[in-house]
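J.: The structure follows.
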Amino acid sequence: MHVDVTGSGPDIVLLHGWAMHGGVFTPLVERLQDRFRLHVVDLPGHGGSRACDIPLTLPDSATAIARVVPEDALWCGWSLGGLVALYAASHGTSMRSLAMLCASPCFVRKEDWRWGMSPEIFRDFATGLRDDWRGTLDRFLALEAFGSEHAKEELRHLRNAVLARGEPAARVLADGLQLLETSDLRGDLPSLTIPSTWIAGRRDRLVDPRAMEEAASLAPNTRFSTIDHAGHAPFLTHADAVIGALQPLLHPSE
């Protein structure tokens, strides 16, 4: 498991989204490293963790990360990383607090969950991975950037970052999509015991802000906020706003 550690101060764990790696968090790291110690994780099969033999499942990923980061840390998960962080928080992993960044406990629409994405979208991406994984990955990145006030800039950042640490394995990409399609952690929310903050991009086309607001309402001791004009990756174009939304967890005594 590859983890970049930088800075000094209270500990923060950063978990990236599907097909990415920890390097995508550079705008946040640059702003926080003078005051915090950042543990920037590459999830199993991604980036510097491509060669590790840890399966890309929620239990295996959460357990492996918990072994290599401090116990009293804020875990901040973006998109797929949010699922991993939420699973860890609700299954006994010791952490100080949880930040869900454009992440949902259930990404797919269900009869009792109307704000999720259509399951057909995930199936189309899964089919596309078999036929043209590069083209499919680029379509997913475009969907992540779509809606943002700075969509072109965000898409450029994502395209530059996605292969910066090597090509992700097609098997890992498929496993990640399956996690996004099949995971449903809503039942864990009422028993969440740590403070959490849920940060949505108002223009996010992958994770509807209304899904995040509804999820936050199911858990105790939560805050919910939206970042205007931001899409699915607000830390790329609205990093200061993301840090502002994190303030209650970064400085809980203030």
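Each chain of the structure tokens is named A, B, ... in the order shown, its residues numbered from 1; ligands are numbered from 1 in display order.
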Taking 4 positions as the minimum chain separation for residues in the same chain, which residues sit within 10 Å of Arg67 of chain A when counting only C-alpha atoms? Answer as an MDAnalysis selection string.

T.: chainID A and resid 1 62:63 71 93

J.: Quick one: contact table of segment 119-228 of chain A to segment 240-251 of chain A, 12 Å max, nearest atom pair and distance in Å to one decimal per residue, counting only C-alpha atoms, chain and number order, as a tab-separated table?

T.:
```
residue	atom	partner	partner_atom	distance
A:Ile194	CA	A:Leu249	CA	10.5
A:Pro195	CA	A:Leu249	CA	7.6
A:Ser196	CA	A:Leu249	CA	7.6
A:Thr197	CA	A:Leu246	CA	7.0
A:Trp198	CA	A:Ala245	CA	8.7
A:Ile199	CA	A:Ala245	CA	7.0
A:Ala200	CA	A:Val242	CA	9.3
A:Gly201	CA	A:Val242	CA	9.6
A:Asn221	CA	A:Pro248	CA	11.4
A:Thr222	CA	A:Pro248	CA	10.2
A:Arg223	CA	A:Pro248	CA	8.7
A:Phe224	CA	A:Ala245	CA	8.7
A:Ser225	CA	A:Ala245	CA	6.8
A:Thr226	CA	A:Ala245	CA	8.4
A:Ile227	CA	A:Ala241	CA	6.8
A:Asp228	CA	A:Ala241	CA	9.2
```

J.: Could you dump the residues just selected with N, CA and C atoms as a tab-separated table (two decimals), in the first residue's frame?

T.:
```
chain	number	residue	atom	x	y	z
A	194	ILE	N	-18.63	9.14	15.13
A	194	ILE	CA	-17.67	10.24	15.07
A	194	ILE	C	-18.27	11.42	14.32
A	195	PRO	N	-17.75	12.63	14.55
A	195	PRO	CA	-18.24	13.78	13.78
A	195	PRO	C	-17.94	13.60	12.29
A	196	SER	N	-18.85	14.04	11.45
A	196	SER	CA	-18.63	13.95	10.01
A	196	SER	C	-19.10	15.23	9.32
A	197	THR	N	-18.44	15.53	8.23
A	197	THR	CA	-18.81	16.65	7.38
A	197	THR	C	-19.00	16.13	5.97
A	198	TRP	N	-20.08	16.55	5.33
A	198	TRP	CA	-20.42	16.10	3.98
A	198	TRP	C	-20.38	17.32	3.07
A	199	ILE	N	-19.51	17.28	2.06
A	199	ILE	CA	-19.25	18.43	1.21
A	199	ILE	C	-19.61	18.06	-0.22
A	200	ALA	N	-20.57	18.78	-0.78
A	200	ALA	CA	-21.05	18.50	-2.13
A	200	ALA	C	-20.68	19.63	-3.08
A	201	GLY	N	-20.50	19.29	-4.34
A	201	GLY	CA	-20.41	20.29	-5.40
A	201	GLY	C	-21.80	20.53	-5.95
A	221	ASN	N	-24.44	13.98	14.54
A	221	ASN	CA	-23.24	14.82	14.63
A	221	ASN	C	-22.62	15.09	13.26
A	222	THR	N	-23.44	15.55	12.32
A	222	THR	CA	-22.98	15.81	10.96
A	222	THR	C	-23.20	17.26	10.57
A	223	ARG	N	-22.41	17.69	9.61
A	223	ARG	CA	-22.61	18.97	8.93
A	223	ARG	C	-22.66	18.71	7.43
A	224	PHE	N	-23.48	19.47	6.75
A	224	PHE	CA	-23.59	19.35	5.29
A	224	PHE	C	-23.39	20.73	4.68
A	225	SER	N	-22.61	20.79	3.61
A	225	SER	CA	-22.41	22.06	2.91
A	225	SER	C	-22.24	21.80	1.43
A	226	THR	N	-22.53	22.81	0.63
A	226	THR	CA	-22.32	22.72	-0.81
A	226	THR	C	-21.37	23.82	-1.24
A	227	ILE	N	-20.63	23.55	-2.30
A	227	ILE	CA	-19.71	24.52	-2.87
A	227	ILE	C	-20.31	24.98	-4.20
A	228	ASP	N	-20.72	26.22	-4.24
A	228	ASP	CA	-21.35	26.76	-5.45
A	228	ASP	C	-20.40	26.69	-6.63
```

J.: Restricting the calculation to only C-alpha atoms: of A:Ala88, A:Arg114, A:Leu38, A:Ser148, which residue gets closest to Phe235 of chain A?

T.: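 Looking only at the distances to Phe235 of chain A, the closest residue turns out to be A:Ser148.
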
J.: Quote the spacing between atom CA of Ser94 of chain A and atom CA of Thr193 of chain A in Å to one decimal place.

T.: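 Between atom CA of Ser94 of chain A and atom CA of Thr193 of chain A the gap is 10.6 Å.
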
J.: Rounded to one decimal place, report the atom CA of Leu137 of chain A-atom CA of Pro59 of chain A distance in Å.

T.: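 Straight-line distance from atom CA of Leu137 of chain A to atom CA of Pro59 of chain A works out to 25.2 Å.
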
J.: From a DSSP pass on the backbone, collect the residues of segment 38-105 of chain A flagged as helix (DSSP H, G or I) and hand them back as an MDAnalysis selection string.

T.: chainID A and resid 47:49 58:68 80:90

J.: In Å, with one decimal, what is the gap from atom CA of Leu177 of chain A to atom CA of Gly92 of chain A?

T.: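 Atom-to-atom, atom CA of Leu177 of chain A to atom CA of Gly92 of chain A, that is 25.0 Å.
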
J.: Which of these, A:Ile12, A:Met100, A:Val207, A:Leu58, has the shortest distance to Ala73 of chain A once you count only C-alpha atoms?

T.: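 Among the listed residues, A:Ile12 lies closest to Ala73 of chain A.
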
J.: Considering only C-alpha atoms, state which residue in the set A:Ala215, A:Gly48, A:His157, A:Asp132 is at the smallest distance from Leu192 of chain A.

T.: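 Of the candidates, the smallest distance to Leu192 of chain A is held by A:Ala215.
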
J.: Could you list, as an NGL selection string, every residue within 12 Å of Asn160 of chain A, counting only C-alpha atoms and ignoring same-chain residues fewer than 4 positions away?

T.: :A and (20-21 or 23-24 or 138 or 141 or 153-156 or 164-166)

J.: Any chance you could export the current selection's N, CA and C atoms as a short mmCIF file (atom, residue, chain, number, x, y, z; two decimals), in the first residue's frame?

T.:
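This is the output file part.cif:
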```
data_model
loop_
_atom_site.label_atom_id
_atom_site.label_comp_id
_atom_site.auth_asym_id
_atom_site.auth_seq_id
_atom_site.Cartn_x
_atom_site.Cartn_y
_atom_site.Cartn_z
N MET A 20 -8.11 6.98 -10.12
CA MET A 20 -7.15 8.04 -9.83
C MET A 20 -6.06 7.54 -8.89
N HIS A 21 -5.37 8.44 -8.26
CA HIS A 21 -4.34 8.15 -7.26
C HIS A 21 -4.21 9.38 -6.38
N GLY A 23 -2.07 11.60 -6.01
CA GLY A 23 -1.52 12.82 -6.57
C GLY A 23 -2.56 13.82 -7.00
N VAL A 24 -3.79 13.38 -7.18
CA VAL A 24 -4.85 14.30 -7.61
C VAL A 24 -5.15 15.34 -6.53
N ASP A 138 -11.89 8.20 -20.27
CA ASP A 138 -11.99 9.61 -20.63
C ASP A 138 -13.44 10.10 -20.53
N LEU A 141 -14.10 10.75 -16.89
CA LEU A 141 -13.49 12.00 -16.45
C LEU A 141 -14.30 13.20 -16.92
N GLU A 153 -10.85 23.41 -17.16
CA GLU A 153 -9.67 23.34 -16.30
C GLU A 153 -9.69 22.06 -15.47
N GLU A 154 -10.85 21.71 -14.96
CA GLU A 154 -10.96 20.51 -14.13
C GLU A 154 -10.68 19.26 -14.95
N LEU A 155 -11.22 19.20 -16.17
CA LEU A 155 -10.99 18.04 -17.03
C LEU A 155 -9.52 17.94 -17.40
N ARG A 156 -8.87 19.06 -17.64
CA ARG A 156 -7.44 19.03 -17.96
C ARG A 156 -6.64 18.47 -16.78
N ALA A 164 -0.59 9.59 -14.52
CA ALA A 164 0.70 10.12 -14.06
C ALA A 164 1.50 9.09 -13.27
N ARG A 165 0.86 8.10 -12.69
CA ARG A 165 1.55 7.06 -11.93
C ARG A 165 1.39 5.69 -12.57
N GLY A 166 1.20 5.69 -13.88
CA GLY A 166 1.08 4.43 -14.61
C GLY A 166 -0.36 4.09 -14.93
#
```

J.: Which polymer residues have any atom within 12 Å of an atom of Arg186 of chain A, counting only C-alpha atoms, with same-chain residues fewer than 2 positions away left out, as an mmCIF file with N, CA, C and O atoms, in the first residue's frame?

T.:
```
data_model
loop_
_atom_site.group_PDB
_atom_site.id
_atom_site.type_symbol
_atom_site.label_atom_id
_atom_site.label_comp_id
_atom_site.auth_asym_id
_atom_site.auth_seq_id
_atom_site.Cartn_x
_atom_site.Cartn_y
_atom_site.Cartn_z
ATOM 1 N N LEU A 83 -16.532 6.051 -0.020
ATOM 2 C CA LEU A 83 -17.113 4.758 0.365
ATOM 3 C C LEU A 83 -16.169 3.993 1.292
ATOM 4 O O LEU A 83 -16.593 3.422 2.300
ATOM 5 N N LEU A 86 -16.091 5.764 4.720
ATOM 6 C CA LEU A 86 -17.328 5.563 5.469
ATOM 7 C C LEU A 86 -17.414 4.131 5.993
ATOM 8 O O LEU A 86 -17.832 3.905 7.139
ATOM 9 N N TYR A 87 -17.013 3.164 5.162
ATOM 10 C CA TYR A 87 -17.009 1.775 5.636
ATOM 11 C C TYR A 87 -16.080 1.631 6.835
ATOM 12 O O TYR A 87 -16.439 0.988 7.841
ATOM 13 N N SER A 90 -17.561 3.136 10.030
ATOM 14 C CA SER A 90 -18.722 2.439 10.591
ATOM 15 C C SER A 90 -18.437 0.980 10.936
ATOM 16 O O SER A 90 -19.338 0.260 11.381
ATOM 17 N N SER A 104 -21.098 9.399 -1.735
ATOM 18 C CA SER A 104 -22.411 8.968 -1.269
ATOM 19 C C SER A 104 -22.316 7.575 -0.672
ATOM 20 O O SER A 104 -21.470 6.775 -1.085
ATOM 21 N N PRO A 105 -23.177 7.240 0.301
ATOM 22 C CA PRO A 105 -23.198 5.863 0.798
ATOM 23 C C PRO A 105 -23.790 4.894 -0.216
ATOM 24 O O PRO A 105 -23.638 3.681 -0.084
ATOM 25 N N CYS A 106 -24.462 5.446 -1.228
ATOM 26 C CA CYS A 106 -25.114 4.621 -2.253
ATOM 27 C C CYS A 106 -25.130 5.438 -3.549
ATOM 28 O O CYS A 106 -25.873 6.408 -3.662
ATOM 29 N N PHE A 107 -24.316 5.053 -4.512
ATOM 30 C CA PHE A 107 -24.164 5.841 -5.730
ATOM 31 C C PHE A 107 -25.273 5.601 -6.748
ATOM 32 O O PHE A 107 -25.480 6.423 -7.642
ATOM 33 N N VAL A 108 -25.981 4.490 -6.634
ATOM 34 C CA VAL A 108 -26.941 4.091 -7.662
ATOM 35 C C VAL A 108 -28.372 4.311 -7.178
ATOM 36 O O VAL A 108 -28.703 4.069 -6.016
ATOM 37 N N LYS A 110 -32.193 3.751 -6.396
ATOM 38 C CA LYS A 110 -33.022 2.621 -6.002
ATOM 39 C C LYS A 110 -34.446 3.127 -5.753
ATOM 40 O O LYS A 110 -34.688 4.340 -5.760
ATOM 41 N N ASP A 112 -36.026 3.355 -3.069
ATOM 42 C CA ASP A 112 -36.073 4.207 -1.884
ATOM 43 C C ASP A 112 -34.890 5.175 -1.815
ATOM 44 O O ASP A 112 -34.557 5.701 -0.759
ATOM 45 N N TRP A 113 -34.256 5.418 -2.976
ATOM 46 C CA TRP A 113 -33.079 6.303 -3.035
ATOM 47 C C TRP A 113 -33.077 6.978 -4.403
ATOM 48 O O TRP A 113 -32.394 6.557 -5.330
ATOM 49 N N SER A 183 -22.425 -1.015 -3.812
ATOM 50 C CA SER A 183 -22.314 -0.691 -2.383
ATOM 51 C C SER A 183 -23.503 0.141 -1.912
ATOM 52 O O SER A 183 -23.975 1.045 -2.610
ATOM 53 N N ASP A 184 -23.964 -0.157 -0.718
ATOM 54 C CA ASP A 184 -25.045 0.602 -0.091
ATOM 55 C C ASP A 184 -24.795 0.603 1.418
ATOM 56 O O ASP A 184 -25.064 -0.373 2.103
ATOM 57 N N ASP A 188 -25.574 1.949 7.753
ATOM 58 C CA ASP A 188 -24.543 2.187 8.762
ATOM 59 C C ASP A 188 -24.590 3.598 9.328
ATOM 60 O O ASP A 188 -23.966 3.866 10.369
ATOM 61 N N LEU A 189 -25.292 4.502 8.677
ATOM 62 C CA LEU A 189 -25.213 5.918 9.045
ATOM 63 C C LEU A 189 -25.768 6.235 10.440
ATOM 64 O O LEU A 189 -25.150 7.008 11.182
ATOM 65 N N PRO A 190 -26.908 5.691 10.856
ATOM 66 C CA PRO A 190 -27.434 6.063 12.180
ATOM 67 C C PRO A 190 -26.507 5.707 13.336
ATOM 68 O O PRO A 190 -26.572 6.336 14.396
ATOM 69 N N SER A 191 -25.631 4.717 13.138
ATOM 70 C CA SER A 191 -24.745 4.304 14.228
ATOM 71 C C SER A 191 -23.345 4.911 14.115
ATOM 72 O O SER A 191 -22.453 4.534 14.868
ATOM 73 N N LEU A 192 -23.160 5.851 13.206
ATOM 74 C CA LEU A 192 -21.861 6.504 13.064
ATOM 75 C C LEU A 192 -21.574 7.298 14.333
ATOM 76 O O LEU A 192 -22.369 8.141 14.749
ATOM 77 N N ALA A 211 -28.497 13.782 -2.629
ATOM 78 C CA ALA A 211 -28.181 12.478 -2.042
ATOM 79 C C ALA A 211 -27.292 12.651 -0.820
ATOM 80 O O ALA A 211 -27.496 11.995 0.214
ATOM 81 N N MET A 212 -26.313 13.548 -0.931
ATOM 82 C CA MET A 212 -25.412 13.767 0.201
ATOM 83 C C MET A 212 -26.138 14.420 1.371
ATOM 84 O O MET A 212 -25.916 14.070 2.528
ATOM 85 N N GLU A 214 -29.328 14.136 2.090
ATOM 86 C CA GLU A 214 -30.184 13.126 2.710
ATOM 87 C C GLU A 214 -29.364 12.143 3.532
ATOM 88 O O GLU A 214 -29.759 11.759 4.640
ATOM 89 N N ALA A 215 -28.199 11.752 3.009
ATOM 90 C CA ALA A 215 -27.338 10.834 3.757
ATOM 91 C C ALA A 215 -26.880 11.471 5.061
ATOM 92 O O ALA A 215 -26.889 10.829 6.119
ATOM 93 N N ALA A 216 -26.478 12.733 4.991
ATOM 94 C CA ALA A 216 -26.013 13.424 6.196
ATOM 95 C C ALA A 216 -27.104 13.489 7.255
ATOM 96 O O ALA A 216 -26.828 13.419 8.463
ATOM 97 N N SER A 217 -28.347 13.596 6.811
ATOM 98 C CA SER A 217 -29.456 13.688 7.768
ATOM 99 C C SER A 217 -29.692 12.377 8.511
ATOM 100 O O SER A 217 -30.362 12.362 9.546
ATOM 101 N N LEU A 218 -29.133 11.276 7.995
ATOM 102 C CA LEU A 218 -29.325 9.968 8.622
ATOM 103 C C LEU A 218 -28.300 9.672 9.705
ATOM 104 O O LEU A 218 -28.452 8.706 10.451
ATOM 105 N N ALA A 219 -27.243 10.491 9.768
ATOM 106 C CA ALA A 219 -26.167 10.238 10.723
ATOM 107 C C ALA A 219 -26.154 11.309 11.801
ATOM 108 O O ALA A 219 -26.464 12.477 11.534
#
```

J.: Just the strand (DSSP E) stuff from segment 4-246 of chain A, please, per backbone DSSP, written as an MDAnalysis selection string.

T.: chainID A and resid 4:7 11:15 37:41 73:78 97:101 196:201 222:227

J.: Ranking A:Ala174, A:Leu206, A:Ala85, A:Val3 by minimum distance to Glu144 of chain A and counting only C-alpha atoms, which one comes first?

T.: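 Counting only C-alpha atoms, the residue closest to Glu144 of chain A is A:Leu206.
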
J.: Under the rule that only C-alpha atoms are counted, which of A:Gln33, A:Gln178, A:Thr6, A:Ser79 is the nearest residue to Leu56 of chain A?

T.: A:Gln178

J.: Which residues are near Ala230 of chain A? Cut-off 8 Å, only C-alpha atoms, ignore same chain within fewer than 3 positions. Put them as a ChimeraX atom specification.

T.: /A:147-150,201-204,227,233-234,237-238

J.: Measuring atom to atom with only C-alpha atoms, identify which of A:Phe122, A:Trp133, A:Phe146, A:Phe140 is nearest to Thr182 of chain A.

T.: A:Phe122

J.: Hey, what's within 9 Å of Ala170 of chain A if we count only C-alpha atoms and toss same-chain stuff fewer than 2 positions away? As a list in words, please?

T.: Leu129, Arg130, Trp133, Glu167, Pro168, Val172, Leu173, Ala174 and Asp175 of chain A

J.: Can you write out the residues you just picked, keeping C-alpha atoms, as a PDB file, in the first residue's frame?

T.:
```pdb
ATOM      1  CA  LEU A 129     -13.995  -1.016 -20.192  1.00  0.00           C
ATOM      2  CA  ARG A 130     -13.907  -4.329 -22.032  1.00  0.00           C
ATOM      3  CA  TRP A 133     -10.850   1.217 -21.531  1.00  0.00           C
ATOM      4  CA  GLU A 167      -1.854   2.750 -16.294  1.00  0.00           C
ATOM      5  CA  PRO A 168      -4.466   1.271 -13.961  1.00  0.00           C
ATOM      6  CA  VAL A 172      -9.015  -2.924 -10.946  1.00  0.00           C
ATOM      7  CA  LEU A 173     -11.088  -0.428 -12.930  1.00  0.00           C
ATOM      8  CA  ALA A 174     -13.851  -3.035 -13.249  1.00  0.00           C
ATOM      9  CA  ASP A 175     -13.670  -3.838  -9.525  1.00  0.00           C
TER      10      ASP A 175
END
```
